[in-house]
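protein-v8.cif (mmCIF, C-alpha atoms) appears below.
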data_query
loop_
_atom_site.label_atom_id
_atom_site.label_comp_id
_atom_site.auth_asym_id
_atom_site.auth_seq_id
_atom_site.Cartn_x
_atom_site.Cartn_y
_atom_site.Cartn_z
CA MET A 1 60.82 46.37 70.94
CA LYS A 2 64.40 45.40 70.07
CA ILE A 3 66.03 46.34 73.35
CA ARG A 4 67.49 44.11 76.01
CA ILE A 5 68.84 45.53 79.26
CA ALA A 6 71.54 43.38 80.86
CA VAL A 7 73.49 44.00 84.05
CA ALA A 8 75.43 40.75 84.14
CA ALA A 9 78.39 39.31 85.98
CA LEU A 10 81.65 40.32 84.35
CA ALA A 11 82.68 36.73 83.83
CA ALA A 12 79.56 36.16 81.75
CA LEU A 13 80.17 39.31 79.76
CA ALA A 14 83.74 38.36 79.05
CA LEU A 15 82.68 34.86 77.98
CA ALA A 16 80.06 36.25 75.63
CA ALA A 17 82.63 38.58 74.13
CA CYS A 18 85.05 35.75 73.32
CA GLY A 19 83.12 34.46 70.30
CA GLY A 20 84.28 34.87 66.73
CA PRO A 21 83.03 37.46 64.23
CA ASP A 22 79.27 37.85 63.98
CA PRO A 23 78.03 35.83 60.98
CA ASP A 24 75.73 38.73 60.13
CA THR A 25 78.64 41.19 59.94
CA VAL A 26 78.58 43.24 56.75
CA PRO A 27 80.61 46.24 55.58
CA GLY A 28 78.98 49.62 55.72
CA ASP A 29 79.54 53.33 55.71
CA THR A 30 79.54 55.57 58.77
CA PRO A 31 79.50 59.36 59.02
CA GLY A 32 82.33 61.29 60.59
CA THR A 33 85.69 59.78 61.48
CA THR A 34 85.96 56.04 60.81
CA PRO A 35 87.93 53.82 63.17
CA SER A 36 90.17 52.31 60.51
CA ALA A 37 91.16 52.56 56.85
CA GLN A 38 89.07 49.47 56.11
CA ALA A 39 85.32 49.57 55.65
CA PRO A 40 83.72 49.71 59.10
CA THR A 41 81.99 46.57 60.34
CA GLU A 42 78.23 46.31 60.78
CA SER A 43 75.93 43.61 62.14
CA THR A 44 72.29 43.22 63.11
CA THR A 45 73.12 43.54 66.83
CA LEU A 46 74.61 46.35 68.88
CA THR A 47 76.01 46.04 72.40
CA VAL A 48 76.28 49.24 74.41
CA VAL A 49 78.62 49.13 77.41
CA THR A 50 77.99 51.75 80.05
CA HIS A 51 78.17 52.47 83.76
CA ASP A 52 75.41 51.49 86.15
CA SER A 53 74.07 55.07 86.40
CA PHE A 54 73.15 55.19 82.72
CA ALA A 55 69.49 56.10 82.33
CA LEU A 56 67.55 57.35 79.33
CA PRO A 57 63.79 57.21 78.66
CA GLU A 58 62.63 53.88 77.28
CA ASP A 59 60.79 55.54 74.40
CA LEU A 60 64.03 57.10 73.13
CA LEU A 61 65.92 53.80 73.39
CA LYS A 62 63.10 52.08 71.51
CA MET A 63 63.14 54.81 68.87
CA PHE A 64 66.86 54.24 68.25
CA ALA A 65 66.35 50.48 67.95
CA ASP A 66 63.36 50.87 65.63
CA GLU A 67 65.05 53.42 63.37
CA THR A 68 68.29 51.45 63.01
CA GLY A 69 66.81 47.95 63.02
CA TYR A 70 69.45 46.75 65.48
CA GLU A 71 68.81 44.39 68.37
CA VAL A 72 70.34 46.54 71.11
CA THR A 73 71.71 45.18 74.38
CA TYR A 74 72.88 47.39 77.26
CA VAL A 75 75.44 45.98 79.69
CA ALA A 76 76.75 47.73 82.81
CA PRO A 77 79.81 46.17 84.46
CA GLY A 78 79.95 48.76 87.26
CA GLU A 79 80.34 52.45 87.99
CA GLY A 80 82.73 54.66 86.02
CA THR A 81 86.08 53.51 87.40
CA SER A 82 85.12 49.84 87.30
CA LEU A 83 83.83 50.31 83.77
CA VAL A 84 87.17 51.51 82.42
CA ASN A 85 89.13 48.90 84.37
CA GLN A 86 86.97 46.12 82.92
CA LEU A 87 87.28 47.51 79.41
CA ILE A 88 91.06 47.39 79.76
CA LEU A 89 91.03 43.85 81.15
CA THR A 90 88.82 42.61 78.29
CA LYS A 91 90.17 44.72 75.43
CA ASP A 92 91.32 41.63 73.50
CA SER A 93 87.75 40.29 73.68
CA PRO A 94 85.69 43.50 73.91
CA LEU A 95 82.48 43.52 75.91
CA GLY A 96 80.57 45.32 73.17
CA ASP A 97 80.63 47.80 70.32
CA VAL A 98 80.28 51.22 71.90
CA VAL A 99 80.92 52.64 75.36
CA PHE A 100 79.38 55.54 77.22
CA GLY A 101 80.70 56.67 80.59
CA ILE A 102 84.47 57.12 80.25
CA ASP A 103 84.99 60.23 82.35
CA SER A 104 87.60 62.93 81.90
CA THR A 105 89.86 61.53 84.63
CA LEU A 106 90.27 58.28 82.69
CA ALA A 107 89.94 59.37 79.05
CA SER A 108 93.69 59.54 78.37
CA ARG A 109 94.22 56.11 79.89
CA ALA A 110 91.44 54.55 77.84
CA LEU A 111 92.96 55.91 74.62
CA ARG A 112 96.50 54.95 75.62
CA GLU A 113 95.41 51.39 76.46
CA GLY A 114 93.75 51.03 73.07
CA VAL A 115 90.29 50.42 74.53
CA VAL A 116 88.64 52.76 72.05
CA VAL A 117 89.45 53.89 68.54
CA PRO A 118 89.36 57.60 67.68
CA HIS A 119 85.91 58.82 66.68
CA VAL A 120 84.29 62.21 67.26
CA ALA A 121 80.64 62.85 66.43
CA ASP A 122 79.84 65.78 64.18
CA ALA A 123 77.89 67.90 66.69
CA LYS A 124 78.42 71.33 68.21
CA VAL A 125 79.32 70.77 71.85
CA ILE A 126 79.96 73.35 74.54
CA ASP A 127 83.45 74.88 74.45
CA GLY A 128 86.02 73.21 76.65
CA LEU A 129 84.52 69.72 76.67
CA ALA A 130 86.21 68.23 73.62
CA ALA A 131 88.79 65.47 74.00
CA GLU A 132 90.89 64.01 71.24
CA GLY A 133 89.35 60.80 69.95
CA LEU A 134 86.23 60.79 72.16
CA THR A 135 82.81 62.43 72.03
CA PRO A 136 81.58 64.39 75.09
CA VAL A 137 78.01 63.52 76.06
CA ASP A 138 77.46 65.25 79.41
CA PHE A 139 79.35 67.04 82.17
CA GLY A 140 79.00 68.29 85.71
CA ASP A 141 80.88 69.39 88.80
CA VAL A 142 81.78 66.92 91.54
CA CYS A 143 81.41 68.89 94.78
CA VAL A 144 80.85 68.46 98.48
CA ASN A 145 77.14 68.83 99.32
CA ALA A 146 75.74 70.03 102.64
CA ASP A 147 72.42 69.27 104.30
CA THR A 148 71.60 72.92 105.02
CA ALA A 149 68.52 71.96 107.00
CA TRP A 150 70.72 69.97 109.41
CA PHE A 151 73.15 72.86 109.83
CA THR A 152 70.32 75.30 110.50
CA ALA A 153 68.72 72.98 113.04
CA ASN A 154 72.03 72.43 114.84
CA ASP A 155 73.15 76.08 114.67
CA VAL A 156 76.41 75.18 112.90
CA PRO A 157 77.66 77.29 109.96
CA VAL A 158 77.76 75.54 106.62
CA PRO A 159 81.39 74.92 105.58
CA ALA A 160 82.63 76.54 102.39
CA THR A 161 86.13 75.28 101.56
CA LEU A 162 88.21 72.12 101.54
CA ASP A 163 90.05 73.35 104.62
CA ASP A 164 86.78 73.77 106.49
CA LEU A 165 86.09 70.05 106.14
CA ALA A 166 89.08 69.29 108.36
CA ALA A 167 88.08 71.79 111.06
CA PRO A 168 86.93 70.50 114.49
CA ALA A 169 83.42 71.94 114.00
CA TYR A 170 82.84 69.33 111.26
CA LYS A 171 84.27 66.26 112.99
CA ASP A 172 82.45 63.03 112.05
CA LEU A 173 80.15 64.89 109.64
CA PHE A 174 81.66 64.11 106.22
CA VAL A 175 81.31 60.98 104.05
CA VAL A 176 83.16 60.51 100.76
CA PRO A 177 83.19 57.59 98.29
CA SER A 178 86.57 55.87 98.22
CA PRO A 179 88.82 57.07 95.38
CA THR A 180 89.85 53.47 94.71
CA SER A 181 86.33 52.22 94.03
CA SER A 182 84.34 55.26 92.91
CA SER A 183 84.50 57.67 89.98
CA PRO A 184 83.34 60.72 92.01
CA GLY A 185 85.66 59.68 94.83
CA GLN A 186 88.53 59.59 92.38
CA ALA A 187 87.52 63.01 91.08
CA PHE A 188 87.60 64.36 94.65
CA LEU A 189 91.08 62.90 95.11
CA LEU A 190 92.17 64.83 92.03
CA ALA A 191 90.52 67.97 93.39
CA THR A 192 92.58 67.72 96.56
CA ILE A 193 95.75 67.16 94.52
CA GLY A 194 94.92 70.18 92.36
CA ALA A 195 94.26 72.33 95.42
CA LYS A 196 96.96 71.04 97.79
CA GLY A 197 99.78 69.98 95.48
CA ASP A 198 102.41 67.94 97.31
CA GLY A 199 100.47 68.40 100.55
CA TRP A 200 97.48 66.33 99.43
CA VAL A 201 98.35 63.28 101.57
CA ASP A 202 98.58 65.46 104.67
CA TYR A 203 95.19 66.93 103.82
CA TRP A 204 93.61 63.47 103.61
CA LYS A 205 95.20 62.50 106.92
CA ALA A 206 93.67 65.65 108.42
CA LEU A 207 90.27 64.53 107.10
CA GLN A 208 90.87 61.12 108.67
CA ASP A 209 91.75 62.69 112.00
CA ASN A 210 88.50 64.64 111.71
CA GLY A 211 86.42 61.49 111.35
CA VAL A 212 85.74 61.32 107.59
CA LYS A 213 83.98 58.12 106.54
CA PHE A 214 84.85 56.29 103.33
CA ALA A 215 81.96 54.65 101.47
CA SER A 216 82.34 52.11 98.68
CA GLY A 217 80.50 54.27 96.15
CA TRP A 218 78.34 57.34 95.59
CA THR A 219 75.04 55.52 96.12
CA GLU A 220 76.06 54.26 99.56
CA ALA A 221 77.47 57.65 100.56
CA TYR A 222 74.49 59.69 99.36
CA TYR A 223 71.54 57.45 100.17
CA THR A 224 72.81 55.62 103.26
CA ASP A 225 75.20 57.94 105.10
CA PHE A 226 74.05 61.42 104.02
CA SER A 227 71.29 63.02 106.09
CA GLY A 228 70.09 65.22 103.23
CA ALA A 229 68.96 62.53 100.77
CA ASP A 230 66.06 61.09 102.73
CA GLY A 231 66.72 62.44 106.20
CA LYS A 232 67.89 59.12 107.63
CA GLY A 233 71.68 59.21 107.31
CA PRO A 234 73.86 60.47 110.18
CA ARG A 235 76.26 62.71 108.20
CA PRO A 236 75.26 66.13 106.79
CA LEU A 237 78.26 66.46 104.42
CA VAL A 238 78.73 64.21 101.39
CA LEU A 239 80.66 64.20 98.14
CA SER A 240 78.14 64.47 95.31
CA TYR A 241 77.43 66.82 92.38
CA ALA A 242 76.62 70.48 91.91
CA THR A 243 73.32 69.34 90.39
CA SER A 244 72.21 67.29 93.41
CA PRO A 245 70.47 70.19 95.24
CA ALA A 246 68.03 70.48 92.32
CA TYR A 247 66.60 67.14 93.45
CA THR A 248 66.15 68.00 97.13
CA VAL A 249 63.78 70.92 96.57
CA ASP A 250 61.09 71.47 99.17
CA GLY A 251 58.65 74.18 98.11
CA ASP A 252 60.66 77.10 96.75
CA ALA A 253 63.97 76.13 98.39
CA SER A 254 66.38 73.21 98.41
CA THR A 255 67.31 71.51 101.66
CA THR A 256 70.87 70.95 100.41
CA GLU A 257 73.54 73.00 98.69
CA ALA A 258 76.76 72.35 96.79
CA LEU A 259 79.96 73.92 98.13
CA LEU A 260 81.16 75.46 94.88
CA ASP A 261 84.71 76.12 96.12
CA THR A 262 85.26 72.35 96.44
CA CYS A 263 84.33 71.36 92.87
CA ILE A 264 86.19 69.64 90.06
CA ARG A 265 84.66 69.31 86.59
CA GLN A 266 83.87 65.87 85.20
CA VAL A 267 83.03 65.15 81.56
CA GLU A 268 81.57 61.82 80.39
CA TYR A 269 82.53 60.57 76.93
CA ALA A 270 81.37 57.97 74.43
CA GLY A 271 83.61 56.01 72.10
CA ILE A 272 83.75 53.11 69.65
CA LEU A 273 85.32 50.05 71.28
CA ALA A 274 88.37 48.62 69.53
CA GLY A 275 87.42 45.33 67.90
CA ALA A 276 83.73 46.22 67.68
CA GLN A 277 81.63 43.92 65.49
CA ASN A 278 79.31 46.82 64.67
CA GLU A 279 81.36 49.98 64.17
CA VAL A 280 78.64 51.52 62.02
CA GLY A 281 76.07 51.01 64.77
CA ALA A 282 78.48 52.30 67.39
CA ALA A 283 78.91 55.56 65.47
CA LYS A 284 75.13 55.83 65.03
CA PHE A 285 74.61 55.37 68.77
CA ILE A 286 77.11 58.10 69.59
CA ASP A 287 75.34 60.41 67.15
CA PHE A 288 72.04 59.46 68.83
CA LEU A 289 73.40 60.49 72.25
CA LEU A 290 74.16 63.94 70.83
CA THR A 291 70.69 64.54 69.37
CA PRO A 292 68.68 67.37 70.95
CA GLU A 293 65.97 64.90 72.01
CA VAL A 294 68.40 62.79 74.05
CA GLN A 295 70.41 65.70 75.35
CA ALA A 296 67.27 67.39 76.69
CA THR A 297 66.58 64.34 78.90
CA ILE A 298 70.05 64.13 80.48
CA PRO A 299 69.47 66.57 83.38
CA GLU A 300 66.42 64.77 84.73
CA ASN A 301 67.66 61.24 84.02
CA MET A 302 71.41 61.37 84.69
CA TYR A 303 71.61 64.60 86.73
CA MET A 304 74.33 66.02 84.49
CA TYR A 305 74.54 68.99 82.14
CA PRO A 306 74.06 68.15 78.43
CA ALA A 307 77.16 68.57 76.28
CA LEU A 308 75.29 69.78 73.19
CA ASP A 309 75.37 73.54 72.88
CA GLY A 310 72.02 75.34 73.16
CA VAL A 311 69.99 72.69 75.02
CA GLU A 312 67.40 74.22 77.35
CA LEU A 313 67.92 73.32 81.00
CA PRO A 314 65.26 72.59 83.62
CA GLU A 315 63.96 75.80 85.16
CA GLU A 316 65.08 74.93 88.70
CA TRP A 317 68.69 74.33 87.65
CA ALA A 318 69.46 78.04 87.36
CA LYS A 319 68.60 78.45 91.02
CA PHE A 320 69.60 75.16 92.60
CA ALA A 321 72.24 73.58 90.32
CA PRO A 322 74.75 76.26 89.31
CA LEU A 323 78.19 75.18 88.12
CA SER A 324 81.33 76.40 89.84
CA ASP A 325 82.80 79.56 88.34
CA GLU A 326 86.32 78.28 89.03
CA PRO A 327 86.40 74.49 89.37
CA ILE A 328 89.66 72.95 90.53
CA ALA A 329 91.61 71.65 87.56
CA VAL A 330 94.34 69.06 87.05
CA ASP A 331 96.09 68.68 83.70
CA GLY A 332 94.98 65.58 81.77
CA ALA A 333 98.53 64.55 80.89
CA GLN A 334 99.48 64.79 84.57
CA ILE A 335 96.51 62.60 85.50
CA ASP A 336 97.46 60.01 82.89
CA ALA A 337 101.06 59.90 84.07
CA ASN A 338 100.39 59.81 87.81
CA LEU A 339 96.88 58.53 88.58
CA GLU A 340 97.87 54.95 89.33
CA ALA A 341 100.65 56.11 91.66
CA TRP A 342 98.32 58.58 93.38
CA LEU A 343 95.71 55.88 93.97
CA ARG A 344 98.36 53.51 95.29
CA THR A 345 99.68 56.18 97.63
CA TRP A 346 96.15 56.97 98.86
CA ALA A 347 95.50 53.28 99.55
CA GLU A 348 98.78 52.87 101.42
CA GLU A 349 98.73 56.13 103.37
CA VAL A 350 95.02 56.81 103.90
CA GLY A 351 92.56 54.11 102.86
#

How does this structure look as structure tokens?
Amino acid sequence: MKIRIAVAALAALALAACGGPDPDTVPGDTPGTTPSAQAPTESTTLTVVTHDSFALPEDLLKMFADETGYEVTYVAPGEGTSLVNQLILTKDSPLGDVVFGIDSTLASRALREGVVVPHVADAKVIDGLAAEGLTPVDFGDVCVNADTAWFTANDVPVPATLDDLAAPAYKDLFVVPSPTSSSPGQAFLLATIGAKGDGWVDYWKALQDNGVKFASGWTEAYYTDFSGADGKGPRPLVLSYATSPAYTVDGDASTTEALLDTCIRQVEYAGILAGAQNEVGAAKFIDFLLTPEVQATIPENMYMYPALDGVELPEEWAKFAPLSDEPIAVDGAQIDANLEAWLRTWAEEVG
């Protein structure tokens, strides 16, 4: 089995990336858009850089390695925001050949910083997911989730809107991953900006006054602070995904629900890293991610909707994991121009 899974310290990854060209590098052909006018590079190894929530069945990863003949290594320098930041910091000595996990809030920045070279796989994806120069792999809605069992037991109505979260009835009940250290937290920041405009800072201060807790990341918020994940956390409101209630099903009902009026859509993309030693393999891996076999496993392994059009979804998703009909939206160019300033303002005024 030619697969190695590595979740290493970033210093070690950067050191490994500083070597010269692979002696096994050979020219080759790649389908679709090539990253440069020259023949794309190819080597016997392929390094996939991804976030730490990446999960696909081992048999599919082995199949890719066996069919291509590559020795494949997977490295995960952090969750989505950390991933992009590290790719930018190491772009002169790239951490690998191909990346999966650049989300829609950071796609423009990644392209502007020259982290990836334009490449789009030749696959029919769902309308509205495409981004110039990147290939969509999955998508979902970042939404506030409620532990409905807790609200029923405590005779408190389940909140529905962003404004409800700042109401006295929900004091000390909400936990959200910090926007400065978490991809879903950053998405929620953008949702509040899209919904509140210039009043977004005041909204966050209202949440603070109402006892919101900031967690370092989604895992801490959902599995430590949230009461609905395993029944042990103290807070019945958490920022998560519209798909999360499909994984808290008890009998014929879910014990949690997503508040669909609080959602913002998030798309995850794959791209060829600039300076890759195996551009051919990178393109093959992106094509692999868009195969029906891989796409069919995304809901149960990464809790996201597959990007490929026509993929059958798990039966319980229709009932327990519906997408928002009208997710909050923020223009990508506006995000690219203002995100760093918004994060700085949040850290200074709120965090």

- Item | Chain and number of each residue from the PyMOL selection byres ((chain A and resi 286-302) around 9), as a ChimeraX atom specification | /A:53-57,60,64,98-100,120-125,135-138,243,270-272,281-285,303-308,310-314,317

Closest contacts (stretch 102-169 of chain A/stretch 228-238 of chain A, max 10 Å, all atoms listed in the file) as a Markdown table:
| residue | atom | partner | partner_atom | distance |
| --- | --- | --- | --- | --- |
| A:Cys143 | CA | A:Val238 | CA | 8.5 |
| A:Val144 | CA | A:Val238 | CA | 5.6 |
| A:Asn145 | CA | A:Val238 | CA | 5.3 |
| A:Ala146 | CA | A:Leu237 | CA | 4.7 |
| A:Asp147 | CA | A:Gly228 | CA | 4.8 |
| A:Thr148 | CA | A:Pro236 | CA | 7.9 |
| A:Ala149 | CA | A:Gly228 | CA | 7.9 |
| A:Trp150 | CA | A:Pro236 | CA | 6.5 |
| A:Phe151 | CA | A:Pro236 | CA | 7.7 |
| A:Val158 | CA | A:Leu237 | CA | 9.4 |
| A:Pro159 | CA | A:Leu237 | CA | 9.1 |
| A:Leu165 | CA | A:Leu237 | CA | 8.8 |

- Query: Any chance you could work out the residue set of the PyMOL selection byres ((chain A and resi 172) around 7) here, as a list in words?
  - Reply: Tyr170, Lys171, Leu173, Phe174, Asn210, Gly211 and Val212 of chain A

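Between atom CA of A:Gly332 and atom CA of A:Ser216 lies a distance of 25.0 Å.
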
- Task: Would you list the contacts of A:Val142 as a PyMOL selection string, taking every protein, DNA or RNA residue within 6 Å and counting only C-alpha atoms, but skipping same-chain residues closer than 3 positions in sequence?
- Result: chain A and resi 240-241+263-264

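Between atom CA of A:Ser324 and atom CA of A:Gln208 there is a distance of 26.1 Å.
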
- A:Gly114, A:Thr262, A:Val49, A:Val175 ranked by distance to A:Ser227, top pick (using all atoms listed in the file):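 Closest candidate: A:Val175.
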
Applying the PyMOL selection byres ((chain A and resi 190) around 12) to the file I just gave you, which residues come out? Please list them as a compact mmCIF listing (two decimals) with C-alpha atoms, keeping the file's coordinate frame.
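As written to disk, selection-v9.txt reads:
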# COMPACT_ATOMS: atom_id res chain seq x y z
CA SER A 104 87.60 62.93 81.90
CA THR A 105 89.86 61.53 84.63
CA LEU A 106 90.27 58.28 82.69
CA VAL A 142 81.78 66.92 91.54
CA CYS A 143 81.41 68.89 94.78
CA PRO A 179 88.82 57.07 95.38
CA THR A 180 89.85 53.47 94.71
CA SER A 183 84.50 57.67 89.98
CA PRO A 184 83.34 60.72 92.01
CA GLY A 185 85.66 59.68 94.83
CA GLN A 186 88.53 59.59 92.38
CA ALA A 187 87.52 63.01 91.08
CA PHE A 188 87.60 64.36 94.65
CA LEU A 189 91.08 62.90 95.11
CA ALA A 191 90.52 67.97 93.39
CA THR A 192 92.58 67.72 96.56
CA ILE A 193 95.75 67.16 94.52
CA GLY A 194 94.92 70.18 92.36
CA ALA A 195 94.26 72.33 95.42
CA LYS A 196 96.96 71.04 97.79
CA GLY A 197 99.78 69.98 95.48
CA ASP A 198 102.41 67.94 97.31
CA TRP A 200 97.48 66.33 99.43
CA VAL A 201 98.35 63.28 101.57
CA TRP A 204 93.61 63.47 103.61
CA THR A 262 85.26 72.35 96.44
CA CYS A 263 84.33 71.36 92.87
CA ILE A 264 86.19 69.64 90.06
CA ARG A 265 84.66 69.31 86.59
CA GLN A 266 83.87 65.87 85.20
CA PRO A 327 86.40 74.49 89.37
CA ILE A 328 89.66 72.95 90.53
CA ALA A 329 91.61 71.65 87.56
CA VAL A 330 94.34 69.06 87.05
CA ASP A 331 96.09 68.68 83.70
CA GLY A 332 94.98 65.58 81.77
CA GLN A 334 99.48 64.79 84.57
CA ILE A 335 96.51 62.60 85.50
CA ASP A 336 97.46 60.01 82.89
CA ASN A 338 100.39 59.81 87.81
CA LEU A 339 96.88 58.53 88.58
CA GLU A 340 97.87 54.95 89.33
CA TRP A 342 98.32 58.58 93.38
CA LEU A 343 95.71 55.88 93.97
CA TRP A 346 96.15 56.97 98.86

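You can rank A:Ala246, A:Leu273, A:Leu111, A:Val176 by their closest distance to A:Asp225 using all atoms listed in the file, and at the top of that list sits A:Val176.
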
For stretch 116-131 of chain A, I'd like the enclosing box, axis-aligned and padded by 5 Å on every side, reported as lines of an AutoDock Vina configuration file with centre and edge lengths in Å to one decimal.
center_x = 83.7
center_y = 63.8
center_z = 70.4
size_x = 21.6
size_y = 32.1
size_z = 22.5

- Task: Name the closest residue to A:Thr152 among the candidates A:Leu61, A:Thr256, A:Val249, A:Arg344; distances are taken between atoms, counting only C-alpha atoms.
- Result: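 For A:Thr152, the nearest of the given residues is A:Thr256.
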
- Query: Using all atoms listed in the file, which of A:Glu113, A:Ala153, A:Ser181, A:Leu46 sits nearest A:Gly78?
  - Reply: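 Result for the nearest residue to A:Gly78: A:Ser181.
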
- Provide the atom CA of A:Ala321 to atom CA of A:Asp252 distance in Å, to one decimal place. 13.7 Å

- Note on the structure: Between A:Ser108, A:Val280, A:Ser244, A:Gly351, smallest distance to A:Ala215 by all atoms listed in the file belongs to A:Gly351

Kindly write stretch 300-307 of chain A with all heavy atoms to a file, as a CSV table (one decimal), in the first residue's frame.
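Result file follows (part_31.csv):
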chain,number,residue,atom,x,y,z
A,300,GLU,N,-20.8,11.0,4.4
A,300,GLU,CA,-20.6,10.2,5.6
A,300,GLU,C,-19.2,10.3,6.2
A,300,GLU,O,-19.0,9.9,7.3
A,300,GLU,CB,-20.9,8.7,5.3
A,300,GLU,CG,-22.4,8.5,5.1
A,300,GLU,CD,-22.7,7.0,4.9
A,300,GLU,OE1,-21.8,6.2,5.0
A,300,GLU,OE2,-23.9,6.7,4.8
A,301,ASN,N,-18.3,10.8,5.4
A,301,ASN,CA,-16.9,10.9,5.9
A,301,ASN,C,-16.5,12.4,6.2
A,301,ASN,O,-15.7,12.6,7.1
A,301,ASN,CB,-15.9,10.4,4.8
A,301,ASN,CG,-16.0,8.8,4.8
A,301,ASN,OD1,-15.3,8.2,5.5
A,301,ASN,ND2,-16.8,8.3,3.9
A,302,MET,N,-17.0,13.3,5.5
A,302,MET,CA,-16.6,14.7,5.7
A,302,MET,C,-17.8,15.6,6.0
A,302,MET,O,-17.7,16.8,6.2
A,302,MET,CB,-15.8,15.3,4.6
A,302,MET,CG,-14.4,14.6,4.5
A,302,MET,SD,-13.2,15.5,3.4
A,302,MET,CE,-13.8,15.0,1.8
A,303,TYR,N,-19.0,15.0,6.1
A,303,TYR,CA,-20.2,15.7,6.5
A,303,TYR,C,-20.6,16.9,5.7
A,303,TYR,O,-21.2,17.9,6.1
A,303,TYR,CB,-20.1,16.1,8.0
A,303,TYR,CG,-19.6,15.0,8.9
A,303,TYR,CD1,-18.6,15.2,9.8
A,303,TYR,CD2,-20.1,13.7,8.8
A,303,TYR,CE1,-18.1,14.2,10.6
A,303,TYR,CE2,-19.6,12.7,9.6
A,303,TYR,CZ,-18.6,13.0,10.5
A,303,TYR,OH,-18.1,12.0,11.3
A,304,MET,N,-20.2,16.8,4.4
A,304,MET,CA,-20.5,17.9,3.4
A,304,MET,C,-21.3,17.3,2.3
A,304,MET,O,-21.3,16.1,2.1
A,304,MET,CB,-19.2,18.5,3.0
A,304,MET,CG,-18.3,19.2,4.1
A,304,MET,SD,-19.0,20.7,4.7
A,304,MET,CE,-18.3,21.9,3.5
A,305,TYR,N,-21.9,18.2,1.5
A,305,TYR,CA,-22.5,17.8,0.3
A,305,TYR,C,-21.5,17.6,-0.9
A,305,TYR,O,-20.6,18.4,-1.0
A,305,TYR,CB,-23.5,18.9,-0.2
A,305,TYR,CG,-24.9,18.8,0.5
A,305,TYR,CD1,-25.1,19.3,1.8
A,305,TYR,CD2,-26.0,18.2,-0.1
A,305,TYR,CE1,-26.3,19.2,2.4
A,305,TYR,CE2,-27.2,18.2,0.5
A,305,TYR,CZ,-27.4,18.6,1.8
A,305,TYR,OH,-28.6,18.5,2.4
A,306,PRO,N,-21.6,16.6,-1.7
A,306,PRO,CA,-20.7,16.4,-2.8
A,306,PRO,C,-20.9,17.5,-3.9
A,306,PRO,O,-22.1,17.9,-4.1
A,306,PRO,CB,-21.0,15.0,-3.3
A,306,PRO,CG,-22.4,14.8,-2.9
A,306,PRO,CD,-22.6,15.5,-1.6
A,307,ALA,N,-19.8,17.9,-4.5
A,307,ALA,CA,-20.0,19.0,-5.5
A,307,ALA,C,-20.4,18.4,-6.9
A,307,ALA,O,-20.9,19.1,-7.7
A,307,ALA,CB,-18.6,19.7,-5.7
